[in-house]
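*Asks:* File name protein.txt; file contents compact mmCIF, C-alpha atoms; full text below.
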```
# COMPACT_ATOMS: atom_id res chain seq x y z
CA MET J 1141 5.14 -18.61 11.93
CA THR J 1142 6.21 -18.91 8.36
CA SER J 1143 3.86 -16.41 6.81
CA ARG J 1144 1.31 -13.83 7.78
CA SER J 1145 -1.93 -12.63 6.28
CA GLY J 1146 -2.67 -8.92 6.24
CA ASN J 1147 -6.16 -9.83 7.43
CA LEU J 1148 -4.66 -10.70 10.83
CA PHE J 1149 -3.46 -7.16 11.51
CA PHE J 1150 -5.83 -6.59 14.43
CA VAL J 1151 -4.88 -9.94 15.95
CA ASP J 1152 -1.21 -9.01 15.61
CA LEU J 1153 -1.89 -5.66 17.26
CA ILE J 1154 -3.44 -7.35 20.29
CA LYS J 1155 -0.54 -9.80 20.58
CA VAL J 1156 2.07 -7.04 20.42
CA PHE J 1157 0.27 -4.88 22.97
CA ALA J 1158 -0.14 -7.82 25.34
CA ALA J 1159 3.50 -8.91 25.02
CA GLN J 1160 4.81 -5.42 25.71
CA LEU J 1161 2.47 -4.98 28.67
CA ILE J 1162 3.67 -8.26 30.18
CA ILE J 1163 7.28 -7.06 30.00
CA LEU J 1164 6.36 -3.82 31.75
CA HIS J 1165 4.31 -5.72 34.33
CA HIS J 1166 7.24 -7.92 35.29
CA LEU J 1167 9.61 -4.95 35.37
CA ALA J 1168 7.26 -3.14 37.76
CA PHE J 1169 6.42 -6.24 39.82
CA TYR J 1170 9.83 -7.75 40.47
CA GLY J 1171 12.24 -4.85 40.98
CA PRO J 1172 14.59 -3.79 42.45
CA MET J 1173 14.83 -1.10 39.75
CA SER J 1174 11.10 -0.45 39.96
CA ASP J 1175 11.32 -0.02 43.73
CA LEU J 1176 13.86 2.76 43.27
CA ALA J 1177 12.06 4.32 40.29
CA ALA J 1178 8.58 4.14 41.83
CA PRO J 1179 8.65 7.66 43.41
CA LEU J 1180 8.86 9.14 39.89
CA ALA J 1181 5.62 7.47 38.74
CA PRO J 1182 3.97 5.75 41.73
CA ASN J 1183 0.50 5.36 40.17
CA LEU J 1184 1.86 3.94 36.92
CA MET J 1185 4.14 1.50 38.73
CA ALA J 1186 1.30 0.38 40.98
CA TRP J 1187 -1.05 -0.12 38.02
CA LEU J 1188 1.51 -2.10 36.02
CA SER J 1189 2.37 -4.24 39.04
CA GLU J 1190 -1.25 -4.98 39.93
CA HIS J 1191 -3.10 -5.00 36.61
CA GLY J 1192 -0.48 -5.51 33.90
CA ARG J 1193 -0.78 -9.27 34.22
CA MET J 1194 -4.28 -9.02 32.72
CA ALA J 1195 -2.54 -8.94 29.33
CA VAL J 1196 -2.30 -12.73 29.61
CA GLN J 1197 -6.06 -12.86 29.03
CA ALA J 1198 -5.52 -11.29 25.62
CA PHE J 1199 -3.03 -14.06 24.80
CA LEU J 1200 -5.56 -16.69 25.87
CA VAL J 1201 -8.38 -15.27 23.78
CA VAL J 1202 -6.17 -14.75 20.73
CA GLY J 1203 -4.78 -18.26 21.22
CA GLY J 1204 -8.27 -19.74 21.06
CA PHE J 1205 -9.13 -17.57 18.06
CA LEU J 1206 -6.07 -18.71 16.09
CA ALA J 1207 -6.47 -22.33 17.16
CA ALA J 1208 -10.03 -22.39 15.79
CA ARG J 1209 -8.79 -20.74 12.59
CA SER J 1210 -6.09 -23.37 12.16
CA LEU J 1211 -7.87 -26.52 13.31
CA ALA J 1212 -11.45 -25.97 12.15
CA PRO J 1213 -12.11 -22.84 10.07
CA ASP J 1214 -15.71 -23.92 9.43
CA GLY J 1215 -16.33 -25.51 12.83
CA ALA J 1216 -15.38 -29.04 11.74
CA ALA J 1217 -11.92 -30.52 12.22
CA THR J 1218 -9.59 -30.36 9.24
CA PHE J 1219 -7.39 -33.12 10.69
CA THR J 1220 -7.89 -36.82 11.39
CA ASN J 1221 -5.08 -37.71 13.82
CA LEU J 1222 -5.21 -36.03 17.22
CA LEU J 1223 -1.80 -37.36 18.25
CA ILE J 1224 -0.12 -35.74 15.25
CA VAL J 1225 -1.76 -32.41 16.07
CA ALA J 1226 -0.54 -32.64 19.67
CA ARG J 1227 2.97 -33.59 18.55
CA LYS J 1228 3.21 -30.68 16.13
CA ARG J 1229 2.06 -28.26 18.81
CA TYR J 1230 4.63 -29.61 21.24
CA GLN J 1231 7.36 -29.38 18.61
CA ARG J 1232 6.47 -25.80 17.98
CA LEU J 1233 6.44 -24.75 21.64
CA LEU J 1234 9.45 -26.68 22.93
CA PRO J 1235 12.53 -25.27 21.08
CA PRO J 1236 11.88 -21.64 22.09
CA LEU J 1237 11.11 -22.81 25.62
CA VAL J 1238 14.34 -24.80 25.91
CA ALA J 1239 16.39 -21.88 24.60
CA ALA J 1240 14.65 -19.46 26.96
CA LEU J 1241 15.20 -21.76 29.95
CA LEU J 1242 18.93 -22.05 29.17
CA ILE J 1243 19.17 -18.27 28.93
CA CYS J 1244 17.27 -17.82 32.19
CA ILE J 1245 19.42 -20.37 34.02
CA ALA J 1246 22.54 -18.51 32.89
CA CYS J 1247 21.14 -15.07 33.73
CA SER J 1248 19.92 -16.29 37.12
CA ALA J 1249 23.40 -17.58 37.96
CA VAL J 1250 24.86 -14.15 37.19
CA ALA J 1251 22.08 -12.41 39.13
CA ARG J 1252 22.67 -14.58 42.19
CA ALA J 1253 26.33 -13.56 42.15
CA TRP J 1254 25.50 -9.84 41.89
CA MET J 1255 22.47 -9.39 44.13
CA THR J 1256 20.08 -10.99 46.56
CA HIS J 1257 16.43 -10.81 45.56
CA ASP J 1258 13.32 -12.97 45.92
CA SER J 1259 12.69 -12.91 42.17
CA ILE J 1260 15.87 -14.88 41.33
CA PRO J 1261 15.18 -18.59 40.71
CA ALA J 1262 17.37 -21.01 42.63
CA ALA J 1263 19.97 -23.09 40.84
CA PRO J 1264 18.01 -25.73 38.92
CA THR J 1265 17.91 -29.43 39.62
CA TRP J 1266 17.67 -32.09 36.93
CA LEU J 1267 14.14 -32.83 38.13
CA GLN J 1268 13.12 -29.22 37.58
CA VAL J 1269 14.54 -29.22 34.07
CA ALA J 1270 12.87 -32.52 33.21
CA THR J 1271 9.43 -31.40 34.44
CA HIS J 1272 9.73 -28.18 32.42
CA LEU J 1273 10.59 -30.12 29.26
CA VAL J 1274 7.41 -32.19 29.56
CA LEU J 1275 5.37 -29.12 30.63
CA LEU J 1276 4.38 -30.61 33.98
CA GLN J 1277 6.18 -28.31 36.42
CA ASP J 1278 3.03 -26.68 37.85
CA ILE J 1279 1.01 -29.88 37.95
CA LEU J 1280 3.79 -31.59 39.93
CA GLY J 1281 4.35 -28.54 42.17
CA VAL J 1282 7.91 -27.91 40.97
CA ASP J 1283 9.25 -24.36 41.24
CA ALA J 1284 9.31 -22.55 37.90
CA LEU J 1285 12.68 -21.63 36.41
CA SER J 1286 11.28 -18.48 34.80
CA ALA J 1287 8.20 -16.31 34.96
CA GLY J 1288 5.77 -17.11 32.19
CA VAL J 1289 6.71 -20.74 31.59
CA TRP J 1290 3.41 -21.75 33.17
CA TYR J 1291 1.66 -20.23 30.17
CA VAL J 1292 3.43 -22.55 27.73
CA ALA J 1293 2.10 -25.61 29.56
CA ILE J 1294 -1.40 -24.15 29.71
CA ASP J 1295 -1.31 -23.20 26.03
CA PHE J 1296 -0.42 -26.79 25.12
CA GLN J 1297 -3.21 -28.19 27.30
CA LEU J 1298 -5.78 -25.79 25.87
CA TYR J 1299 -4.79 -26.44 22.26
CA VAL J 1300 -5.00 -30.21 22.70
CA LEU J 1301 -8.28 -29.89 24.61
CA LEU J 1302 -9.86 -27.90 21.77
CA ALA J 1303 -8.39 -30.27 19.20
CA GLY J 1304 -9.85 -33.17 21.18
CA LEU J 1305 -13.35 -31.69 21.00
CA LEU J 1306 -12.97 -31.20 17.26
CA TRP J 1307 -11.63 -34.73 16.81
CA LEU J 1308 -14.53 -36.15 18.80
CA GLY J 1309 -16.99 -34.26 16.61
CA ARG J 1310 -15.38 -35.70 13.51
CA ARG J 1311 -15.35 -39.25 14.92
CA ILE J 1312 -19.05 -39.29 15.75
CA GLY J 1313 -19.96 -37.68 12.46
CA GLY J 1314 -21.30 -34.55 14.07
CA SER J 1315 -22.21 -31.39 12.20
CA PRO J 1316 -19.94 -28.32 12.10
CA LEU J 1317 -22.07 -27.01 14.98
CA PHE J 1318 -20.91 -29.79 17.31
CA ALA J 1319 -17.54 -28.24 18.23
CA PRO J 1320 -18.86 -24.68 18.77
CA ARG J 1321 -21.65 -26.00 20.96
CA MET J 1322 -19.29 -28.21 22.96
CA THR J 1323 -16.87 -25.29 23.27
CA LEU J 1324 -19.68 -23.10 24.62
CA LEU J 1325 -20.44 -25.77 27.22
CA LEU J 1326 -16.74 -25.87 28.08
CA VAL J 1327 -16.72 -22.08 28.51
CA ILE J 1328 -19.74 -22.29 30.81
CA ALA J 1329 -18.15 -25.10 32.87
CA SER J 1330 -14.96 -23.09 33.23
CA LEU J 1331 -16.52 -19.72 34.06
CA TYR J 1332 -19.12 -21.10 36.48
CA ASN J 1333 -16.99 -23.74 38.19
CA PHE J 1334 -13.31 -24.38 37.47
CA ASN J 1335 -12.27 -20.72 37.15
CA LEU J 1336 -13.73 -20.03 40.58
CA GLU J 1337 -11.35 -22.51 42.22
CA GLN J 1338 -7.72 -21.42 42.47
CA GLY J 1339 -6.64 -25.03 42.87
CA TRP J 1340 -7.40 -25.62 39.18
CA ASP J 1341 -4.97 -22.98 37.91
CA SER J 1342 -2.43 -25.59 36.76
CA TRP J 1343 -4.98 -27.10 34.39
CA ALA J 1344 -6.55 -26.05 31.11
CA LEU J 1345 -10.09 -26.11 32.55
CA TYR J 1346 -9.29 -23.05 34.69
CA PHE J 1347 -8.41 -20.99 31.59
CA ALA J 1348 -10.82 -22.61 29.13
CA GLY J 1349 -13.31 -19.78 29.55
CA ALA J 1350 -11.03 -17.17 27.98
CA TYR J 1351 -9.59 -19.58 25.39
CA GLY J 1352 -13.04 -20.82 24.43
CA LEU J 1353 -14.30 -17.26 24.03
CA GLY J 1354 -11.54 -16.73 21.47
CA ALA J 1355 -12.49 -19.88 19.53
CA LEU J 1356 -16.17 -18.96 19.58
CA ALA J 1357 -15.30 -15.45 18.44
CA TYR J 1358 -13.62 -16.90 15.35
CA TRP J 1359 -16.51 -19.24 14.53
CA SER J 1360 -18.92 -16.32 14.83
CA LEU J 1361 -17.24 -14.18 12.17
CA ARG J 1362 -18.73 -15.55 8.98
CA GLU J 1363 -22.12 -16.54 10.25
CA GLN J 1364 -25.22 -14.55 9.34
CA ASP J 1365 -26.38 -14.74 12.95
CA TRP J 1366 -23.12 -13.33 14.33
CA LEU J 1367 -24.95 -10.71 16.38
CA GLU J 1368 -26.95 -13.43 18.12
CA ARG J 1369 -23.77 -15.40 18.78
CA LEU J 1370 -22.09 -12.28 20.14
CA ALA J 1371 -25.07 -11.70 22.41
CA VAL J 1372 -24.83 -15.27 23.71
CA LEU J 1373 -21.16 -14.78 24.62
CA ILE J 1374 -21.92 -11.49 26.38
CA VAL J 1375 -24.86 -12.95 28.31
CA VAL J 1376 -23.05 -16.14 29.35
CA THR J 1377 -19.97 -14.24 30.48
CA GLY J 1378 -21.96 -11.41 32.03
CA ILE J 1379 -23.93 -13.80 34.23
CA ALA J 1380 -20.67 -15.48 35.27
CA LEU J 1381 -19.33 -12.08 36.30
CA GLU J 1382 -22.51 -11.49 38.31
CA VAL J 1383 -21.89 -14.76 40.12
CA GLU J 1384 -18.37 -13.58 40.97
CA PHE J 1385 -16.73 -10.61 39.31
CA ARG J 1386 -13.28 -11.40 37.95
CA GLU J 1387 -11.34 -8.67 36.21
CA ARG J 1388 -9.47 -11.22 34.11
CA ILE J 1389 -12.73 -12.62 32.69
CA ALA J 1390 -14.06 -9.13 31.95
CA VAL J 1391 -10.86 -8.42 30.00
CA ALA J 1392 -11.20 -11.73 28.11
CA LEU J 1393 -14.77 -10.88 27.13
CA ALA J 1394 -13.72 -7.41 25.97
CA VAL J 1395 -10.98 -8.88 23.76
CA ALA J 1396 -13.37 -11.47 22.28
CA VAL J 1397 -15.94 -8.77 21.46
CA LEU J 1398 -13.25 -6.61 19.86
CA LEU J 1399 -12.11 -9.54 17.72
CA ILE J 1400 -15.63 -10.24 16.49
CA VAL J 1401 -16.19 -6.60 15.58
CA ALA J 1402 -12.75 -5.91 14.10
CA MET J 1403 -12.37 -9.19 12.20
CA ARG J 1404 -15.76 -9.26 10.50
CA PRO J 1405 -15.52 -9.75 6.70
CA ARG J 1406 -16.44 -6.12 6.07
CA ALA J 1407 -13.60 -4.99 8.33
CA LEU J 1408 -10.94 -7.21 6.73
CA ALA J 1409 -10.20 -4.64 4.02
CA ILE J 1410 -9.29 -2.17 6.77
CA ASN J 1411 -7.04 -4.79 8.36
CA GLY J 1412 -5.34 -5.33 5.02
CA ARG J 1413 -4.76 -1.62 4.41
CA MET J 1414 -3.37 -1.14 7.91
CA ALA J 1415 -1.05 -4.14 7.50
CA ARG J 1416 0.51 -2.57 4.40
CA THR J 1417 1.48 0.65 6.18
CA ARG J 1418 4.89 1.01 7.80
CA LEU J 1419 3.26 0.84 11.22
CA GLY J 1420 1.38 -2.28 10.18
CA GLN J 1421 4.55 -3.94 8.94
CA ALA J 1422 6.24 -3.13 12.25
CA ILE J 1423 3.28 -4.59 14.17
CA THR J 1424 3.40 -7.78 12.10
CA TRP J 1425 7.17 -8.05 12.62
CA LEU J 1426 6.77 -7.69 16.38
CA SER J 1427 3.82 -10.08 16.49
CA VAL J 1428 5.77 -12.92 14.86
CA ARG J 1429 8.41 -12.46 17.58
CA SER J 1430 6.00 -12.02 20.49
CA TYR J 1431 6.33 -15.63 21.70
CA PRO J 1432 10.16 -15.64 22.03
CA VAL J 1433 9.98 -12.14 23.54
CA PHE J 1434 7.45 -13.40 26.06
CA LEU J 1435 9.70 -16.33 26.96
CA VAL J 1436 13.04 -14.55 27.24
CA HIS J 1437 12.14 -11.17 28.70
CA PHE J 1438 12.21 -12.25 32.35
CA ALA J 1439 15.82 -13.40 32.10
CA VAL J 1440 16.85 -10.16 30.39
CA CYS J 1441 15.05 -7.98 32.92
CA LEU J 1442 16.60 -9.97 35.76
CA LEU J 1443 20.07 -9.48 34.33
CA VAL J 1444 19.64 -5.72 33.86
CA ASN J 1445 18.32 -5.40 37.42
CA ALA J 1446 21.35 -7.31 38.72
CA LEU J 1447 23.71 -5.15 36.67
CA PHE J 1448 22.33 -1.96 38.21
CA VAL J 1449 22.72 -3.44 41.70
CA ARG J 1450 26.27 -4.51 40.84
CA LEU J 1451 27.11 -0.97 39.68
CA ASP J 1452 25.42 0.48 42.77
CA ILE J 1453 23.10 2.70 40.74
CA ASP J 1454 20.36 3.87 43.06
CA ALA J 1455 19.21 7.18 41.56
CA PRO J 1456 15.47 6.95 40.71
CA LEU J 1457 15.86 8.54 37.27
CA PHE J 1458 18.69 6.19 36.28
CA ASN J 1459 16.67 3.19 37.44
CA LEU J 1460 13.69 4.36 35.40
CA ALA J 1461 16.02 4.58 32.42
CA GLY J 1462 17.27 1.12 33.34
CA MET J 1463 13.72 -0.22 33.09
CA GLY J 1464 13.52 1.28 29.62
CA LEU J 1465 16.82 -0.36 28.75
CA ALA J 1466 15.54 -3.73 30.00
CA TRP J 1467 12.38 -3.34 27.92
CA LEU J 1468 14.36 -2.63 24.75
CA ALA J 1469 16.84 -5.40 25.50
CA SER J 1470 13.97 -7.88 26.01
CA ASN J 1471 12.59 -7.15 22.55
CA ALA J 1472 16.07 -7.38 21.01
CA ALA J 1473 16.73 -10.70 22.76
CA GLY J 1474 13.39 -12.09 21.62
CA ALA J 1475 14.09 -11.06 18.03
CA ALA J 1476 17.54 -12.67 18.21
CA LEU J 1477 16.05 -15.87 19.62
CA HIS J 1478 13.46 -15.95 16.84
CA ALA J 1479 16.14 -15.48 14.18
CA THR J 1480 18.30 -18.20 15.70
CA LEU J 1481 15.47 -20.73 15.93
CA ALA J 1482 14.45 -20.01 12.34
CA TRP J 1483 17.57 -21.90 11.23
CA LEU J 1484 16.37 -25.11 12.86
CA PRO J 1485 14.72 -27.37 10.23
CA TRP J 1486 12.47 -29.10 12.75
CA GLN J 1487 11.29 -25.73 14.02
CA ARG J 1488 10.36 -24.62 10.51
CA ALA J 1489 8.46 -27.86 10.02
CA ALA J 1490 6.61 -27.43 13.30
CA HIS J 1491 5.53 -23.95 12.24
CA ALA J 1492 4.04 -25.15 8.98
CA GLY J 1493 0.32 -24.60 9.30
CA ALA J 1494 0.61 -23.66 12.96
CA THR J 1495 -1.11 -20.74 14.60
```
Before anything else, please render the file you have as structure tokens.

*Replies:*
Amino acid sequence: MTSRSGNLFFVDLIKVFAAQLIILHHLAFYGPMSDLAAPLAPNLMAWLSEHGRMAVQAFLVVGGFLAARSLAPDGAATFTNLLIVARKRYQRLLPPLVAALLICIACSAVARAWMTHDSIPAAPTWLQVATHLVLLQDILGVDALSAGVWYVAIDFQLYVLLAGLLWLGRRIGGSPLFAPRMTLLLVIASLYNFNLEQGWDSWALYFAGAYGLGALAYWSLREQDWLERLAVLIVVTGIALEVEFRERIAVALAVAVLLIVAMRPRALAINGRMARTRLGQAITWLSVRSYPVFLVHFAVCLLVNALFVRLDIDAPLFNLAGMGLAWLASNAAGAALHATLAWLPWQRAAHAGAT
């Protein structure tokens, strides 16, 4: 992202919290450091391992929120060519993904030499690499080379799906209400059907409920009837949770409600003041780097785990400290990756106007 608005402080805060929680989730879930450190904080480790992954729902909702802000601030598409929109999104997502995959392949090779663990990806084949580059690895049933790469493919699908609805509304000459209404129908279809079937989890329709809630949250901000729109989201999602309770959907609804409340025009002044504080500047700095951190952290955590096995460090306290080291190293690696990619001219171009 080339620039930030202070009015996005709350959005940045959610992104940073979610990114950090995902790192801690993977550290607790994959081990072996967490296995050795677990006796020191068993409840915390169990919670992070089981529930930390819910942070992905925050990414989905924020992704839909920012996509709506970028593609159709007033509910109507600001673009005319859907293919160009899809290409720009792909260009933005791919360079960090390629870099992260190369890092993970290298770290996995070192980890395989130093330890034996189920979390280590096997040596890649050319087919695996090719399917990752076109974001089709899960659809084609190819083993992932790193944790989290599935999200990149889903993000691309969701962004293009939303853009497609907006493009369709523009083509048929629909009002600015066309896209929000179609998005609401998409949310309903996802929550009441596709999200109930695990077999759809390689496709955008499975996650469209959370993503659509984020888009609808953005379109609700400046409307006089925002309370009614908020009520609709709560009722639609609440009934879906009555049909079958899903913690991930409850989290997505909570994030969408928070965005509507915290990003209302009257609250934007607070966002701006918070963004100008030292804490706010740190949050913004971390938010801009949250995507590369998300991509590269698994490789870094894997390498630190392997290093501790190599050095035969099995004391619980040292392994807990090792988890802290892996967390810090993940953020440092993500920041370094962001700084490196910023030198690429095509990456700067892809970020222009992107969410």

*Asks:* Report the distance between CA of Asn1471 (chain J) and CA of His1437 (chain J) in Å, rounded to one decimal place.

*Replies:*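 Answer for the CA of Asn1471 (chain J) to CA of His1437 (chain J) separation: 7.4 Å.
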
*Asks:* Hey, what's within 8 Å of region 1166-1174 of chain J if we count all atoms listed in the file and toss same-chain stuff fewer than 3 positions away? As a VMD selection string, please?

*Replies:* chain J and resid 1162 to 1163 1177 to 1178 1185 to 1186 1188 to 1190 1257 1259 1438 1441 1445 1448 1459 to 1460 1462 to 1463

*Asks:* To one decimal place in Å, what is the distance between CA of Asn1335 (chain J) and CA of Val1196 (chain J)?

*Replies:*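 CA of Val1196 (chain J) lies 14.8 Å from CA of Asn1335 (chain J).
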
*Asks:* Which centre and which edge lengths, in Å to one decimal, describe the axis-aligned box that holds all listed atoms of region 1272-1275 of chain J after 5 Å is added on each side, as lines of an AutoDock Vina configuration file?

*Replies:*
```
center_x = 8.0
center_y = -30.2
center_z = 30.8
size_x = 15.2
size_y = 14.0
size_z = 13.2
```

*Asks:* Between J:His1272, J:Arg1450, J:His1478, J:Arg1386, which one has atoms that come closest to Ala1251 (chain J), using only C-alpha atoms?

*Replies:*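 That would be J:Arg1450, the residue with the smallest distance to Ala1251 (chain J).
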
*Asks:* Can you check which parts of region 1318-1434 of chain J lie within 9 Å of region 1278-1300 of chain J? Per residue, the shortest pair of atoms and distance in Å to one decimal, counting all atoms listed in the file, sorted by chain and number, as a Markdown table.

*Replies:*
```
| residue | atom | partner | partner_atom | distance |
| --- | --- | --- | --- | --- |
| J:Asp1341 | CA | J:Asp1278 | CA | 8.8 |
| J:Ser1342 | CA | J:Ile1279 | CA | 5.6 |
| J:Trp1343 | CA | J:Ile1294 | CA | 6.6 |
| J:Ala1344 | CA | J:Leu1298 | CA | 5.3 |
| J:Leu1345 | CA | J:Leu1298 | CA | 8.0 |
| J:Phe1347 | CA | J:Ile1294 | CA | 7.9 |
| J:Ala1348 | CA | J:Leu1298 | CA | 6.8 |
| J:Tyr1351 | CA | J:Leu1298 | CA | 7.3 |
| J:Gly1352 | CA | J:Leu1298 | CA | 8.9 |
| J:Phe1434 | CA | J:Gly1288 | CA | 7.4 |
```

*Asks:* Please identify all polymer residues within 6 Å of region 1229-1241 of chain J, counting all atoms listed in the file, omitting same-chain residues fewer than 3 positions from it, and present them as a ChimeraX atom specification.

*Replies:* /J:1226,1244,1435-1436,1490

*Asks:* Give me, please, the distance in Å between CA of Leu1206 (chain J) and CA of Phe1149 (chain J), quoted to one decimal.

*Replies:*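 Computed distance, CA of Leu1206 (chain J) to CA of Phe1149 (chain J), equals 12.7 Å.
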
*Asks:* Measuring between only C-alpha atoms, which one of J:Pro1179, J:Pro1456, J:Pro1320, J:Gly1354 shows the shortest distance to Ala1394 (chain J)?

*Replies:*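 Going through J:Pro1179, J:Pro1456, J:Pro1320, J:Gly1354 one by one, the smallest distance to Ala1394 (chain J) is for J:Gly1354.
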
*Asks:* Pick from J:Leu1408, J:Tyr1358, J:Ala1476, J:Leu1399: nearest to Gly1204 (chain J), with all atoms listed in the file counted?

*Replies:*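 Among the listed residues, the smallest separation from Gly1204 (chain J) belongs to J:Tyr1358.
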
*Asks:* Considering only C-alpha atoms, state which residue in the set J:Leu1180, J:Ser1248, J:Leu1426, J:Leu1381 is at the smallest distance from Phe1458 (chain J).

*Replies:* J:Leu1180

*Asks:* Within 10 Å of Ala1479 (chain J), counting only C-alpha atoms, which residues show up once you throw out same-chain ones fewer than 5 positions away? Write them as a count of residues only, please.

*Replies:* 5

*Asks:* From the set J:Leu1481, J:Ala1409, J:Ile1389, J:Ala1319, which residue has the shortest atom-to-atom contact distance to Ala1212 (chain J), counting all atoms listed in the file?

*Replies:*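 Checking each candidate against Ala1212 (chain J), we get J:Ala1319 as the closest.
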